[in-house]
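Visitor: What follows is a single structure, and I will ask about it in a moment.
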Protein chains: 2
Amino acid sequence: MTSTANTISLSLPTTHNPSSLSKPKSLPDFYLRFRNQNPKLTRVGISVTSPNNRIRTLSTIRASTASVMEASSKEKALPTIVEVDLGNRSYPIYIGSGLLDQPELLQRHVHGKRVLVVTNSTVAPLYLDKVVDALTRGNPNVSVDSVILPDGEKYKNMETLMKVFDKAIESRLDRRCTFVALGGGVIGDMCGFAAASFLRGVNFIQIPTTVMAQVDSSVGGKTGINHPLGKNLIGAFYQPQCVLIDTDTLNTLPDRELASGLAEVIKYGLIRDAVFFEWQEKNMAALMARDPSAMAYAIKRSCENKAEVVSLDEKESGLRATLNLGHTFGHVSSRLRN
Amino acid sequence: MTSTANTISLSLPTTHNPSSLSKPKSLPDFYLRFRNQNPKLTRVGISVTSPNNRIRTLSTIRASTASVMEASSKEKALPTIVEVDLGNRSYPIYIGSGLLDQPELLQRHVHGKRVLVVTNSTVAPLYLDKVVDALTRGNPNVSVDSVILPDGEKYKNMETLMKVFDKAIESRLDRRCTFVALGGGVIGDMCGFAAASFLRGVNFIQIPTTVMAQVDSSVGGKTGINHPLGKNLIGAFYQPQCVLIDTDTLNTLPDRELASGLAEVIKYGLIRDAVFFEWQEKNMAALMARDPSAMAYAIKRSCENKAEVVSLDEKESGLRATLNLGHTFGHVSSRLRN
């Protein structure tokens with residue numbers, strides 16, 4: 001398995017490649033055992049990300065877009081709601097299938113009449129029209145501009161961030177506008193920092209489209225960009241008005257990104273939620289098959305876990321640092337190797 | 001009088017140039033009459049800044065560094081303290097002569113052992129050594145780095161801001177460091193935004209060295225930079241740990257910057273403090289002569305006024321906008337001319 005994730009990667013050995021079960025000798029790997037009825041899913045390994053962001057490959061992941069997803073995505077169900085409790089910066093996370101077909105969810109959190117959607121060249125062709133429709137349907141007073149950034153962590157820098165400011169200023173947006181992040185963690189982080197800094201802070205909504213962004217970067221208000229000398233060195237703590245997680249967007253997620261997102265889900269079970277961990281053991285097959293109700297539950301529990309930690313330690317002075325599990329492993333790995 | 005101030009400029013007609021009393025025809029000017037015992041200071045005019053930042057000249061200002069300043073600057077007096085009440089973001093403003101010779105004032109607000117002083121090429125030769133001494137005297141555990149930016153509003157941009165991040169990262173500063181802004185409003189705004197954004201926020205101290213920065217930009221937490229298409233469009237609301245105003249630094253302030261600073265002082269009397277306004281009438285000569293006790297009082301009352309407004313409306317949703325007097329005039333002027 002290869003991954004761009006910078007924390008933990010999920011590795012599922014398959015029967016096709018038993019040799020991949022061997023553990024790399026130079027890295028401290030941490031293994032969890034899953035009792036799963038699916039014989040293919042007998043073991044989950046957490047591999048360590050090295051500081052230069054290369055991830056040791058243990059195995060190729062087997063995940064597929066399940067047909068069950070297609071069937072249920074047309075239903076208009078009530079969303080699951082996780083409340084992030086941060087005093088006057090509290091906000092809801094909506095989780096469910098088909099939420100982008102429920103315009104009232106987004107529209108109740110749009111302030112003012114002007115919206116800027118920040119997305120990237122991969123996500124825009126898939127979901128930009130849908131999001132613009134959700135923002136404007138039955139709401140003709142709202143006008144939407146968009147800026148499409150190049151896709152990838154290497155563009156998470158000041159130069160790309162300036163494109164967001166350029167667009168906002170050329171569009172003559174004022175303080176009562178709303179920025180909407182549509183994409184994965186990079187888009188969420190950059191759009192969030194742009195929203196925090198444009199006119200010293202405008203409204204901000206997150207529509208994360210990867211599992212990783214849904215369970216991690218969209219919760220807790222960490223925003224920012226990279227500096228040539230290090231990741232996430234420039235940014236802000238800035239909370240959104242709401243986070244809208246439409247699990248249907250996971251239909252188009254590449255397998256390797258599903259895998260790194262699920263590894264993040266496992267992390268919450270591992271570090272602070274034994275009951276959730278047990279649930280994961282029983283439902284890993286459904287998660288790998290992108291079953292929408294299993295996915296919605298896993299996202300909900302992950303968000304609840306993270307929201308609880310963030311509520312107690314918004315600015316990461318202590319407890320919240322426990323969530324930096326991957327980083328810690330990375331540093332350990334780095335020291336062992338040097 | 002010429003000025004780079006972007007709000008209000010103070011104009012003092014002199015007996016040498018009586019023709020300058022005539023009011024420019026194309027701009028709406030607002031006049032205040034001062035009853036002053038000094039025959040040279042019979043009238044104060046507030047002229048309007050045009051959007052392209054040119055200021056109509058009514059007269060040349062007469063201000064000089066007074067010898068009384070030199071005499072009193074050696075005393076080690078207790079500072080006047082203005083408390084800015086913003087809940088857990090509250091902070092003190094210390095005002096007085098010789099405060100940079102009292103290291104304990106600064107040192108009690110330094111967090112961690114690493115300090116980055118952000119200043120410019122004009123102020124550094126005058127006060128950087130003094131500030132480094134104040135930070136480190138009797139405190140050998142603290143190490144100080146500094147970054148000297150080019151001087152001027154035209155450098156208040158992302159490119160210059162990146163130099164602050166570059167220096168902070170090259171110096172391997174961590175979250176428990178303190179940024180110190182040493183200079184006028186441009187330095188305060190840029191250093192403040194850098195402090196707000198570096199590692200999503202580090203400690204921050206302001207040492208403003210112009211009257212304008214002392215009474216306006218160092219109070220209230222507005223930080224930021226310009227965009228090519230507009231001023232202060234990118235930034236953050238970010239409060240310092242303390243503001244230290246050593247009135248001795250005004251000894252080296254150019255006359256025109258003293259003038260624009262005093263215009264800001266007059267604004268506070270004009271918009272919300274009649275008693276202070278009366279005091280100004282009686283003490284304008286002393287202020288123009290940079291008398292340290294008059295200056296300290298004027299700065300104190302101005303800071304109190306601004307702090308009161310900011311406390312009630314930190315994020316400028318209503319009341320705080322009344323302080324944007326100059327901007328409002330600028331917009332009016334712009335519309336009248338177009």
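Identifiers in this document derive from the order of the structure tokens: chains are assigned A, B, ..., residues are numbered from 1 separately in each chain, and ligands are numbered from 1 in order of occurrence.
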Enumerate, in order of chain and increasing residue number, the residues of chain B with an atom no farther than 12 Å from chain A, each with its shortest atom pair and distance in Å to one decimal, counting only C-alpha atoms, as CSV.
Guide:
```
residue,atom,partner,partner_atom,distance
B:Asn157,CA,A:Met162,CA,11.4
B:Met158,CA,A:Met158,CA,8.5
B:Glu159,CA,A:Met158,CA,9.6
B:Leu161,CA,A:Met158,CA,10.8
B:Met162,CA,A:Met158,CA,8.9
B:Lys163,CA,A:His227,CA,11.4
B:Val164,CA,A:Ile234,CA,11.1
B:Phe165,CA,A:Ile234,CA,8.0
B:Asp166,CA,A:His227,CA,8.4
B:Lys167,CA,A:Leu229,CA,11.0
B:Ala168,CA,A:Leu233,CA,10.1
B:Ile169,CA,A:Leu229,CA,7.3
B:Glu170,CA,A:Leu229,CA,8.2
B:Ser171,CA,A:Leu229,CA,11.4
B:Arg172,CA,A:Leu229,CA,10.2
B:Leu173,CA,A:Leu233,CA,10.8
B:Asp174,CA,A:Leu233,CA,9.9
B:Arg175,CA,A:Ser317,CA,9.9
B:Arg176,CA,A:Ser317,CA,10.6
B:Asp189,CA,A:Arg200,CA,11.8
B:Phe193,CA,A:Ser197,CA,9.1
B:Ala194,CA,A:Ile234,CA,8.4
B:Ala195,CA,A:Ile234,CA,9.6
B:Ala196,CA,A:Ala236,CA,7.0
B:Ser197,CA,A:Gly235,CA,4.7
B:Phe198,CA,A:Ile234,CA,4.8
B:Leu199,CA,A:Leu233,CA,4.9
B:Arg200,CA,A:Ala236,CA,4.2
B:Gly201,CA,A:Ala236,CA,6.7
B:Val202,CA,A:Ala236,CA,10.5
B:Gly221,CA,A:Arg200,CA,10.4
B:Lys222,CA,A:Arg200,CA,7.9
B:Thr223,CA,A:Arg200,CA,8.0
B:Gly224,CA,A:Arg200,CA,7.6
B:Ile225,CA,A:Ser197,CA,9.9
B:Asn226,CA,A:Leu199,CA,10.3
B:His227,CA,A:Phe165,CA,8.3
B:Pro228,CA,A:Asp166,CA,9.0
B:Leu229,CA,A:Ile169,CA,7.3
B:Gly230,CA,A:Ile169,CA,8.3
B:Lys231,CA,A:Leu199,CA,9.8
B:Asn232,CA,A:Leu199,CA,7.2
B:Leu233,CA,A:Leu199,CA,4.8
B:Ile234,CA,A:Phe198,CA,4.9
B:Gly235,CA,A:Arg200,CA,4.7
B:Ala236,CA,A:Arg200,CA,4.2
B:Phe237,CA,A:Arg200,CA,6.1
B:Tyr238,CA,A:Arg200,CA,9.4
B:Glu314,CA,A:Arg200,CA,11.8
B:Lys315,CA,A:Arg200,CA,8.8
B:Glu316,CA,A:Arg200,CA,10.4
B:Ser317,CA,A:Arg175,CA,9.9
```
Visitor: Can you list every residue in region 157-300 of chain A that DSSP puts in alpha helix (DSSP H), as a ChimeraX atom specification?
Guide: /A:158-170,185-197,211-212,255-272,274-288,292-300
Visitor: As number ranges by chain, please: the residues near Lys113 (chain B) (cut-off 8 Å, only C-alpha atoms, same-chain neighbours under 3 positions excluded).
Guide: B: 110, 141-143, 176-177
Visitor: Please, could you write that set of residues out with N, CA and C atoms as a compact mmCIF listing (two decimals), in the first residue's frame?
Guide:
```txt
# COMPACT_ATOMS: atom_id res chain seq x y z
N VAL B 110 7.53 37.88 28.75
CA VAL B 110 8.18 36.99 27.79
C VAL B 110 7.87 35.55 28.18
N ASN B 141 19.15 33.26 30.45
CA ASN B 141 18.53 32.11 29.78
C ASN B 141 17.79 32.48 28.50
N VAL B 142 17.51 33.77 28.36
CA VAL B 142 16.75 34.20 27.18
C VAL B 142 17.70 34.53 26.04
N SER B 143 17.42 33.99 24.86
CA SER B 143 18.20 34.37 23.68
C SER B 143 17.31 35.09 22.69
N ARG B 176 6.60 28.07 22.23
CA ARG B 176 6.81 28.85 23.44
C ARG B 176 7.85 29.96 23.21
N CYS B 177 7.74 30.65 22.10
CA CYS B 177 8.61 31.79 21.86
C CYS B 177 7.76 33.06 21.93
```
Visitor: What is the CA of Asn120 (chain A)-CA of Ile205 (chain A) distance in Å, reported with one decimal?
Guide: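 Taking CA of Asn120 (chain A) and CA of Ile205 (chain A), their separation equals 15.8 Å.
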Visitor: Hey, what does DSSP flag as strand (DSSP E) within region 117-301 of chain B? Can you give it to me as JSON, numbers by chain?
Guide: {"B": [117, 118, 119, 120, 143, 144, 145, 146, 147, 148, 149, 177, 178, 179, 180, 181, 182, 183, 203, 204, 205, 206, 207, 208, 222, 223, 224, 225, 226, 227, 230, 231, 232, 233, 234, 235, 236, 237, 242, 243, 244, 245, 246]}
Visitor: With N, CA and C atoms retained, export the selected residues as a compact mmCIF listing (two decimals), in the first residue's frame.
Guide:
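Output below, filename out_26.txt:
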```txt
# COMPACT_ATOMS: atom_id res chain seq x y z
N VAL B 117 12.80 39.64 17.75
CA VAL B 117 12.44 41.05 17.61
C VAL B 117 12.28 41.37 16.13
N VAL B 118 11.13 41.90 15.78
CA VAL B 118 10.85 42.29 14.39
C VAL B 118 10.89 43.82 14.35
N THR B 119 11.78 44.37 13.54
CA THR B 119 11.90 45.82 13.49
C THR B 119 12.24 46.23 12.05
N ASN B 120 12.55 47.51 11.85
CA ASN B 120 12.89 47.93 10.48
C ASN B 120 14.23 48.65 10.46
N SER B 143 17.42 33.99 24.86
CA SER B 143 18.20 34.37 23.68
C SER B 143 17.31 35.09 22.69
N VAL B 144 17.89 36.10 22.05
CA VAL B 144 17.10 36.98 21.19
C VAL B 144 17.63 36.93 19.76
N ASP B 145 16.76 36.64 18.81
CA ASP B 145 17.06 36.82 17.39
C ASP B 145 16.31 38.05 16.92
N SER B 146 16.76 38.58 15.79
CA SER B 146 16.03 39.73 15.26
C SER B 146 15.97 39.66 13.75
N VAL B 147 14.94 40.27 13.19
CA VAL B 147 14.82 40.39 11.74
C VAL B 147 14.52 41.85 11.43
N ILE B 148 15.32 42.42 10.53
CA ILE B 148 15.21 43.85 10.22
C ILE B 148 14.60 43.99 8.82
N LEU B 149 13.38 44.48 8.78
CA LEU B 149 12.66 44.61 7.52
C LEU B 149 12.91 45.98 6.91
N CYS B 177 7.74 30.65 22.10
CA CYS B 177 8.61 31.79 21.86
C CYS B 177 7.76 33.06 21.93
N THR B 178 8.43 34.19 21.88
CA THR B 178 7.74 35.48 21.92
C THR B 178 8.24 36.36 20.77
N PHE B 179 7.29 36.92 20.01
CA PHE B 179 7.64 37.89 18.97
C PHE B 179 7.50 39.29 19.58
N VAL B 180 8.47 40.15 19.31
CA VAL B 180 8.41 41.53 19.79
C VAL B 180 8.41 42.48 18.60
N ALA B 181 7.38 43.31 18.49
CA ALA B 181 7.32 44.32 17.42
C ALA B 181 7.96 45.60 17.93
N LEU B 182 8.99 46.05 17.25
CA LEU B 182 9.68 47.29 17.63
C LEU B 182 9.63 48.25 16.45
N GLY B 183 8.74 49.23 16.51
CA GLY B 183 8.63 50.18 15.41
C GLY B 183 7.26 50.83 15.38
N ASN B 203 3.32 33.96 21.42
CA ASN B 203 3.21 35.17 22.24
C ASN B 203 3.76 36.37 21.51
N PHE B 204 3.30 37.53 21.93
CA PHE B 204 3.53 38.73 21.12
C PHE B 204 3.55 39.94 22.05
N ILE B 205 4.56 40.79 21.87
CA ILE B 205 4.68 42.02 22.65
C ILE B 205 4.87 43.18 21.67
N GLN B 206 4.23 44.29 21.96
CA GLN B 206 4.37 45.48 21.11
C GLN B 206 5.21 46.55 21.82
N ILE B 207 6.20 47.08 21.11
CA ILE B 207 6.93 48.27 21.58
C ILE B 207 6.80 49.33 20.49
N PRO B 208 5.69 50.06 20.48
CA PRO B 208 5.47 51.04 19.42
C PRO B 208 6.33 52.28 19.64
N LYS B 222 -5.71 44.61 15.94
CA LYS B 222 -5.79 44.51 14.47
C LYS B 222 -4.38 44.32 13.92
N THR B 223 -4.17 43.22 13.22
CA THR B 223 -2.87 42.98 12.60
C THR B 223 -3.11 42.65 11.14
N GLY B 224 -2.07 42.74 10.32
CA GLY B 224 -2.27 42.35 8.93
C GLY B 224 -1.30 42.98 7.96
N ILE B 225 -1.52 42.65 6.70
CA ILE B 225 -0.69 43.17 5.61
C ILE B 225 -1.60 43.66 4.49
N ASN B 226 -0.98 44.34 3.54
CA ASN B 226 -1.73 44.82 2.38
C ASN B 226 -1.72 43.77 1.27
N HIS B 227 -2.70 43.87 0.40
CA HIS B 227 -2.75 43.10 -0.85
C HIS B 227 -2.53 44.12 -1.97
N GLY B 230 -5.48 46.33 -2.23
CA GLY B 230 -6.09 47.07 -1.13
C GLY B 230 -5.32 46.91 0.17
N LYS B 231 -5.54 47.88 1.07
CA LYS B 231 -4.79 47.90 2.33
C LYS B 231 -5.43 47.01 3.40
N ASN B 232 -4.59 46.36 4.18
CA ASN B 232 -5.02 45.60 5.35
C ASN B 232 -6.08 44.54 5.04
N LEU B 233 -6.03 43.97 3.85
CA LEU B 233 -7.07 43.01 3.46
C LEU B 233 -6.79 41.60 4.01
N ILE B 234 -5.55 41.35 4.46
CA ILE B 234 -5.19 40.02 4.95
C ILE B 234 -4.63 40.19 6.36
N GLY B 235 -5.21 39.53 7.33
CA GLY B 235 -4.71 39.71 8.70
C GLY B 235 -5.49 38.92 9.73
N ALA B 236 -5.35 39.35 10.98
CA ALA B 236 -6.01 38.64 12.08
C ALA B 236 -6.29 39.63 13.20
N PHE B 237 -7.30 39.32 14.01
CA PHE B 237 -7.43 39.98 15.30
C PHE B 237 -6.58 39.18 16.28
N CYS B 242 1.49 42.31 26.13
CA CYS B 242 1.54 43.65 26.70
C CYS B 242 1.98 44.61 25.60
N VAL B 243 1.73 45.89 25.85
CA VAL B 243 2.26 46.96 25.00
C VAL B 243 3.13 47.83 25.89
N LEU B 244 4.35 48.08 25.46
CA LEU B 244 5.25 48.93 26.25
C LEU B 244 5.54 50.20 25.45
N ILE B 245 5.09 51.31 25.99
CA ILE B 245 5.26 52.60 25.31
C ILE B 245 6.26 53.43 26.10
N ASP B 246 7.49 53.51 25.60
CA ASP B 246 8.51 54.35 26.22
C ASP B 246 8.47 55.68 25.49
```
Visitor: Would you kindly return, as an NGL selection string, each protein, DNA or RNA residue with an atom no farther than 12 Å from any atom of region 306-310 of chain A, considering only C-alpha atoms and excluding same-chain residues fewer than 4 positions away?
Guide: :A and (82-87 or 89-93 or 214-222 or 237 or 239 or 264-265 or 267-269 or 271-273 or 299-302 or 314-324)
